[in-house]
Amino acid sequence: MKTAHAMQHTDTTSPLTITGLTVSYGQKPVVFSVDCEVPEGSLMAIVGPNGAGKSTLLKAALGIAPRISGDIRVYGQPYRMQAHRLAYVPQRSSVDWDFPTTVLEVVLMGLFHTMRWWQFTRRRHRDKAMACLARVGMDAFADRQIGQLSGGQQQRVFLARALVQEADLTILDEPFAGVDAATEKAIIEVLKSLKREGKTLLCVHHDLSTVSEYFDHVLLLNVRRIAMGPVQDTFTAEHLQQAYGGRLNAIQLERITHPDSSVSQA
Amino acid sequence: MLELLWQALTFTAGYNTSLVTLGSAMLGASAGMIGSFIVLRKRSLVSDAVSHATLPGLTLAFIIIGLFTGDGRWLPGLLLGAAASAAAGLWGVQGISNRTRLGEDAAIGAVLSTLFGLGVVLITVIQAMDVTGQSGISGYLVGATAGMLASEAQLIGISALVLLIIVFMFRRPFLLVCFDRQYAYTQGINANRIDMLMLLLLLTVTVIGLKITGLILIVALTIIPPVTGRFWTDQPSRLVGIAALSGAVAGYIGAAISSIAAGLPTGPLIVLTAFVLFAIGLLFSPRRGMVAMVLAQRRFRRRVHLRQGLLALARDEAIYDELTLKVLRRQGYIRRDGVATPPGLVAARDAEHEEQLWALYRQLYPDEAAQLDHHGLEPIDDSLPPDMVSSLETRLPLPTRSA
Amino acid sequence: MGSDFLILSLAPLLVATISSLSCALLGNFLVLRRQSLIGDAISHVALPGIVASFLITGTLAASAMMLGAGVAALVTMALIEAIKRLGHVEPSAAMGVAFTAIFALGVLMLEVSDASGVHLDVQHALYGNLESLIWFEGLHWTALLDPAALAKLPPQLPRVAWVGLLVAIFVIVAWRPLVIGSFDPAFASSVRARPLLTDIMLVIMVAITAIAAFEAVGSILVIAMFICPAASARLMTDRLLTQIAWSQGFACSSAVLGYVLAGYGPGWFGHDVSLSAAGMIATVSGAILLAACLFAPRRHGNMERMTTD
């Protein structure tokens, strides 16, 4: 629907513009009247407590979850016309990792757009996929069956599949959930290098302590939009208190919003 | 015709007919009861595998009995054989889905089709044999009550009654295991053993039902009544009761209808009666029926659009959504040209005010707020106690406090 | 012997083998998507579809029967979806409600109408009749090169052959959407690989294949052809192409072995009878699956899945 915060007048080529989005399961709104505009070239986190509708927001933006009202624009146009400029990394737990396929084949799935349906994968396709695997440090695993990978390795493969799409906007659903520290570091390095190339990234994130370190923009969500903007202005104790309420105590809030003052990370 | 149906329904159409009708009703009740637990455990189609798996045992028993007596039609022996191979099928489904990477769906499909195939092979063996009663075998596929002996009807009726009593006795541990295995363990219930008992009873119902509904349709009696029950209640114990009742009604009416003319098959009529009961629930149940759900969804959608529209008015934002505009117009909150009317402005201010009260409430009491299903779409006075509302009012920042 | 084989066995053997191959090909995707029971539901409702088409058109022409069965399959799938979505019923229960009710309707129509008189009977529909596919012109091996004699082959043979070809083309053409949609539906819709359309196409192909095979082997045994070879192959390997190759091998060998055992097996023991070939094929495919469950190299898959249902 509408509720455009004078947004209609701003740059319509924002990678992702969501206006008045409401999604519900049955009679229960999971996301209510949310407006959101992802600035071009940003690395943005969606943060909120469990059940705040973070993943649902992404799925509705991609047209996977049905919406009750609201309007979604990708680079100023309906999603279906700009799908090729967008890459989606679903939650790792959403697929059957016992599926009979190899790491390389999963990455090649990312080339769905660029290939005609009758086309076989050629050397250049495989080279491209291998290059993306190398970028996430998984090139040695190209011929592995995906079920033999660890959680972190699976997540790296998913990221490589998104890389091969060469998308301008990449949407990631909990990429750091249940991965080892080394993988987390590798993934954030890749995301930051994508940002340096001018790409836009939108990421559901659950670890509050790393928000300021990893991201430059943040959307605080709890069914409704709590706050949105650059991390230093938006990721404040007050806003967090609004999103999480009593679930965070004062000490936690202090540590989260001023990570530098706490013990430095490993 | 109607008179015959009336006679059958009032048990005045002869001893055998009455027995079959009564037996079907009891079969329906016990199948509905035991089926409820199976459906609650989300294993409905296991009974499909079990019922198809009866065929090889049935035919093998027929062959063995036939070899010894010359006539394979001895119901207790046949049922015993059927039970044995159904148990083997059940064991096969469990084994495949627990011990290999294959899912339960593949296990069920594989077991039911191969054991049925084996049964078909054995049927051709029977056809090549020199025993009487060969044609009787096909009656077990889709059921045949027409030529049922009184002794057979009695056997089925008594077994169904016994089954009914057993299910009734064990309903509490069954429910506990379906609902929460771990808790059942802490209560000193051996969940595995209860599971086994459930499946054993399912198997017994299947075998008893063979003669009445046939092996392909008996599965319907263990699935349709419980699903029907689900439309009318959320309470498991009532669900079992409603399932038993609708199963009994289906068995009773279906068998009665089939008794009025020679060519009417009992099994399909019972299943179709059960389906009609199901369809009634699906359409008209006030809680989960389609009509009720569609209306509720429509109302909900409009409520969302109304609230979003009012908030937009209050915040002086432009509205583009057609449905939102329509809902606002119909309420008299905006004029044709989209400008807010005086009542619209009042409503918008109230909505904004309420939204802020809710926001405050969510901030102060996040856990309670999360438990409210509507997430602040209901009027706050209806959902929160008045003292809470007034305390929220006083804590609201001044400029937005309502007059 | 030579002409005997040509007359009595060539057509049934080919029909059985081709049907098995095409069913197994699609079966791979059903097993991977954990939708094996769609094959179950569709083959159960073929009978009501055929009876209904007979009652409406009054003929037993193959085209009318196939159309009827196809419509019944689509109606059933729509009914399952409706019950699932609108009634909030769990999928397998919705499936059980829908296909048993439609099957019951079919049996009722069959018994009440005159259809049971005209060689349409329940047993036939349930376990088919491969043995009736006789090639009267196959008097000598030279008949295989004689167009006139070939034209007299039982019509079921060209029918399953065309369907087999169609299935093969479908799988090749839709390969990428099929694989992506089976592995990761959310990603598939994000790259607009049309997972919903692929699902519907797969169901339609399953229905077409089931119906073509149905006449020869009967509805319940079609389920064995869909599931058993693909399930056995799933236990052999972790590569999709290899799995499909295994499934084709298993399908072919169970068809041939089953047919031979049914036709000639009793003769080896001195009994001059033949057993149901369709039943025997299902039994053999089940035996292969049993062996695979016990000995296949990848039967356990990868650890974690074992704990979830």
# chains A, B, ... in the order shown; residues from 1 in each chain; ligands from 1
>>> residues_around(residues="stretch 90-99 of chain A", least_positions_apart="4", cutoff="10 Å", atoms="only C-alpha atoms", output="PyMOL selection string")
(chain A and resi 55+58-59+145-149+151-152+154-155+158-159+171-178+204) or (chain B and resi 101) or (chain C and resi 32-33+179+182-187+190+234+238-240+301-305)
>>> interface_residues(of="chain C", to="chain B", cutoff="6 Å", atoms="only C-alpha atoms", output="list in words")
Ser36, Leu37, Leu86, Gly87, Ala93, Val97, Thr100, Ala101, Ala104, Leu108, Ile220, Leu221, Ile223, Ala224, Ile227, Cys228, Leu275, Ser276, Gly279, Ala282, Thr283, Gly286, Arg299, His300 and Gly301 of chain C
>>> write_last_selection(atoms="C-alpha atoms", output="tab-separated table (two decimals), in the first residue's frame")
chain	number	residue	atom	x	y	z
C	36	SER	CA	6.20	-40.47	-2.88
C	37	LEU	CA	2.62	-40.69	-1.75
C	86	LEU	CA	-8.61	-24.23	3.72
C	87	GLY	CA	-9.16	-26.82	6.42
C	93	ALA	CA	-4.17	-36.78	6.39
C	97	VAL	CA	-9.16	-38.13	3.08
C	100	THR	CA	-9.98	-42.72	-0.33
C	101	ALA	CA	-13.20	-40.75	-0.78
C	104	ALA	CA	-14.91	-45.05	-2.83
C	108	LEU	CA	-19.73	-47.17	-5.95
C	220	ILE	CA	-1.45	-50.26	-7.06
C	221	LEU	CA	1.52	-51.77	-8.81
C	223	ILE	CA	3.09	-47.21	-7.04
C	224	ALA	CA	5.76	-49.89	-6.77
C	227	ILE	CA	8.87	-45.72	-5.62
C	228	CYS	CA	10.83	-48.95	-5.31
C	275	LEU	CA	1.26	-66.04	-12.19
C	276	SER	CA	0.36	-62.37	-12.30
C	279	GLY	CA	2.32	-58.57	-9.13
C	282	ALA	CA	6.20	-55.33	-7.88
C	283	THR	CA	7.40	-58.17	-5.68
C	286	GLY	CA	10.34	-54.79	-3.42
C	299	ARG	CA	21.78	-46.70	3.02
C	300	HIS	CA	22.31	-44.60	6.14
C	301	GLY	CA	22.96	-41.30	4.38
>>> residues_around(residues="stretch 117-127 of chain A", least_positions_apart="6", cutoff="8 Å", atoms="only C-alpha atoms", output="list in words")
Leu104, Leu108 and Leu111 of chain A; Val173, Ala174 and Arg176 of chain C
>>> interface_residues(of="chain A", to="chain B", cutoff="12 Å", atoms="only C-alpha atoms", output="ChimeraX atom specification")
/A:1-9,19-35,49-53,67-71,96-100,147,222-226,238-248
>>> atom_distance(atom1="atom CA of C:Glu90", atom2="atom CA of B:Val207")
25.6 Å
>>> atom_distance(atom1="atom CA of B:Ile189", atom2="atom CA of B:Pro173")
7.2 Å
>>> residues_around(residues="B:Val249", least_positions_apart="4", cutoff="7 Å", atoms="only C-alpha atoms", output="count of residues only")
3
>>> select_by_dssp(residues="stretch 263-319 of chain B", states="alpha helix (DSSP H)", output="ChimeraX atom specification")
/B:266-284,290-314
>>> residues_around(residues="stretch 163-169 of chain B", least_positions_apart="6", cutoff="9 Å", atoms="only C-alpha atoms", output="PyMOL selection string")
chain B and resi 26-27+29-31+33-34+198+201+204-205
>>> write_last_selection(atoms="N, CA, C and O atoms", output="mmCIF file, in the first residue's frame")
data_model
loop_
_atom_site.group_PDB
_atom_site.id
_atom_site.type_symbol
_atom_site.label_atom_id
_atom_site.label_comp_id
_atom_site.auth_asym_id
_atom_site.auth_seq_id
_atom_site.Cartn_x
_atom_site.Cartn_y
_atom_site.Cartn_z
ATOM 1 N N MET B 26 -20.056 -50.096 14.991
ATOM 2 C CA MET B 26 -19.020 -50.293 16.012
ATOM 3 C C MET B 26 -17.635 -50.244 15.394
ATOM 4 O O MET B 26 -16.695 -49.701 15.983
ATOM 5 N N LEU B 27 -17.525 -50.805 14.191
ATOM 6 C CA LEU B 27 -16.245 -50.737 13.480
ATOM 7 C C LEU B 27 -15.868 -49.277 13.239
ATOM 8 O O LEU B 27 -14.732 -48.865 13.491
ATOM 9 N N ALA B 29 -16.810 -46.656 14.875
ATOM 10 C CA ALA B 29 -16.452 -46.003 16.133
ATOM 11 C C ALA B 29 -15.040 -46.367 16.548
ATOM 12 O O ALA B 29 -14.226 -45.488 16.896
ATOM 13 N N SER B 30 -14.706 -47.652 16.491
ATOM 14 C CA SER B 30 -13.371 -48.023 16.974
ATOM 15 C C SER B 30 -12.296 -47.536 16.013
ATOM 16 O O SER B 30 -11.219 -47.107 16.444
ATOM 17 N N ALA B 31 -12.593 -47.579 14.697
ATOM 18 C CA ALA B 31 -11.605 -47.065 13.739
ATOM 19 C C ALA B 31 -11.408 -45.561 13.949
ATOM 20 O O ALA B 31 -10.275 -45.070 13.914
ATOM 21 N N MET B 33 -11.791 -43.895 16.705
ATOM 22 C CA MET B 33 -11.060 -43.652 17.953
ATOM 23 C C MET B 33 -9.570 -43.898 17.782
ATOM 24 O O MET B 33 -8.745 -43.033 18.070
ATOM 25 N N ILE B 34 -9.227 -45.091 17.303
ATOM 26 C CA ILE B 34 -7.804 -45.408 17.199
ATOM 27 C C ILE B 34 -7.153 -44.521 16.135
ATOM 28 O O ILE B 34 -6.016 -44.081 16.281
ATOM 29 N N MET B 198 -0.857 -49.006 20.246
ATOM 30 C CA MET B 198 -1.675 -48.223 19.311
ATOM 31 C C MET B 198 -1.656 -48.848 17.928
ATOM 32 O O MET B 198 -2.692 -49.029 17.290
ATOM 33 N N LEU B 201 -3.589 -52.048 17.782
ATOM 34 C CA LEU B 201 -5.035 -51.834 17.700
ATOM 35 C C LEU B 201 -5.424 -51.375 16.289
ATOM 36 O O LEU B 201 -6.444 -51.805 15.749
ATOM 37 N N THR B 204 -5.565 -54.337 14.227
ATOM 38 C CA THR B 204 -6.751 -55.154 14.496
ATOM 39 C C THR B 204 -7.972 -54.555 13.809
ATOM 40 O O THR B 204 -8.753 -55.275 13.175
ATOM 41 N N VAL B 205 -8.129 -53.242 13.932
ATOM 42 C CA VAL B 205 -9.266 -52.586 13.273
ATOM 43 C C VAL B 205 -9.228 -52.851 11.774
ATOM 44 O O VAL B 205 -10.231 -53.180 11.149
#
>>> residues_around(residues="stretch 126-138 of chain C", least_positions_apart="2", cutoff="6 Å", atoms="only C-alpha atoms", output="list in words")
Leu6, Ile7, Leu8, Pro12, Gln123, His124, His140, Ala143, Ala149, Leu153, Pro154, Glu215, Ala216, Val217, Gly218, Ser219 and Ile220 of chain C
>>> write_last_selection(atoms="C-alpha atoms", output="PDB file, in the first residue's frame")
ATOM      1  CA  LEU C   6       6.919 -62.979 -30.018  1.00  0.00           C
ATOM      2  CA  ILE C   7       3.192 -63.565 -29.781  1.00  0.00           C
ATOM      3  CA  LEU C   8       2.754 -63.849 -26.051  1.00  0.00           C
ATOM      4  CA  PRO C  12       3.942 -57.376 -22.353  1.00  0.00           C
ATOM      5  CA  GLN C 123      -9.545 -56.378  -9.781  1.00  0.00           C
ATOM      6  CA  HIS C 124      -8.545 -55.524 -13.315  1.00  0.00           C
ATOM      7  CA  HIS C 140       8.102 -65.243 -36.863  1.00  0.00           C
ATOM      8  CA  ALA C 143       7.524 -59.921 -38.365  1.00  0.00           C
ATOM      9  CA  ALA C 149       2.607 -56.791 -38.696  1.00  0.00           C
ATOM     10  CA  LEU C 153       1.094 -54.585 -32.111  1.00  0.00           C
ATOM     11  CA  PRO C 154      -1.152 -54.021 -29.085  1.00  0.00           C
ATOM     12  CA  GLU C 215      -3.906 -50.230 -18.012  1.00  0.00           C
ATOM     13  CA  ALA C 216      -1.096 -52.742 -18.216  1.00  0.00           C
ATOM     14  CA  VAL C 217      -0.032 -53.207 -14.629  1.00  0.00           C
ATOM     15  CA  GLY C 218      -2.911 -51.892 -12.533  1.00  0.00           C
ATOM     16  CA  SER C 219      -3.038 -48.942 -10.222  1.00  0.00           C
ATOM     17  CA  ILE C 220      -1.448 -50.264  -7.058  1.00  0.00           C
TER      18      ILE C 220
END
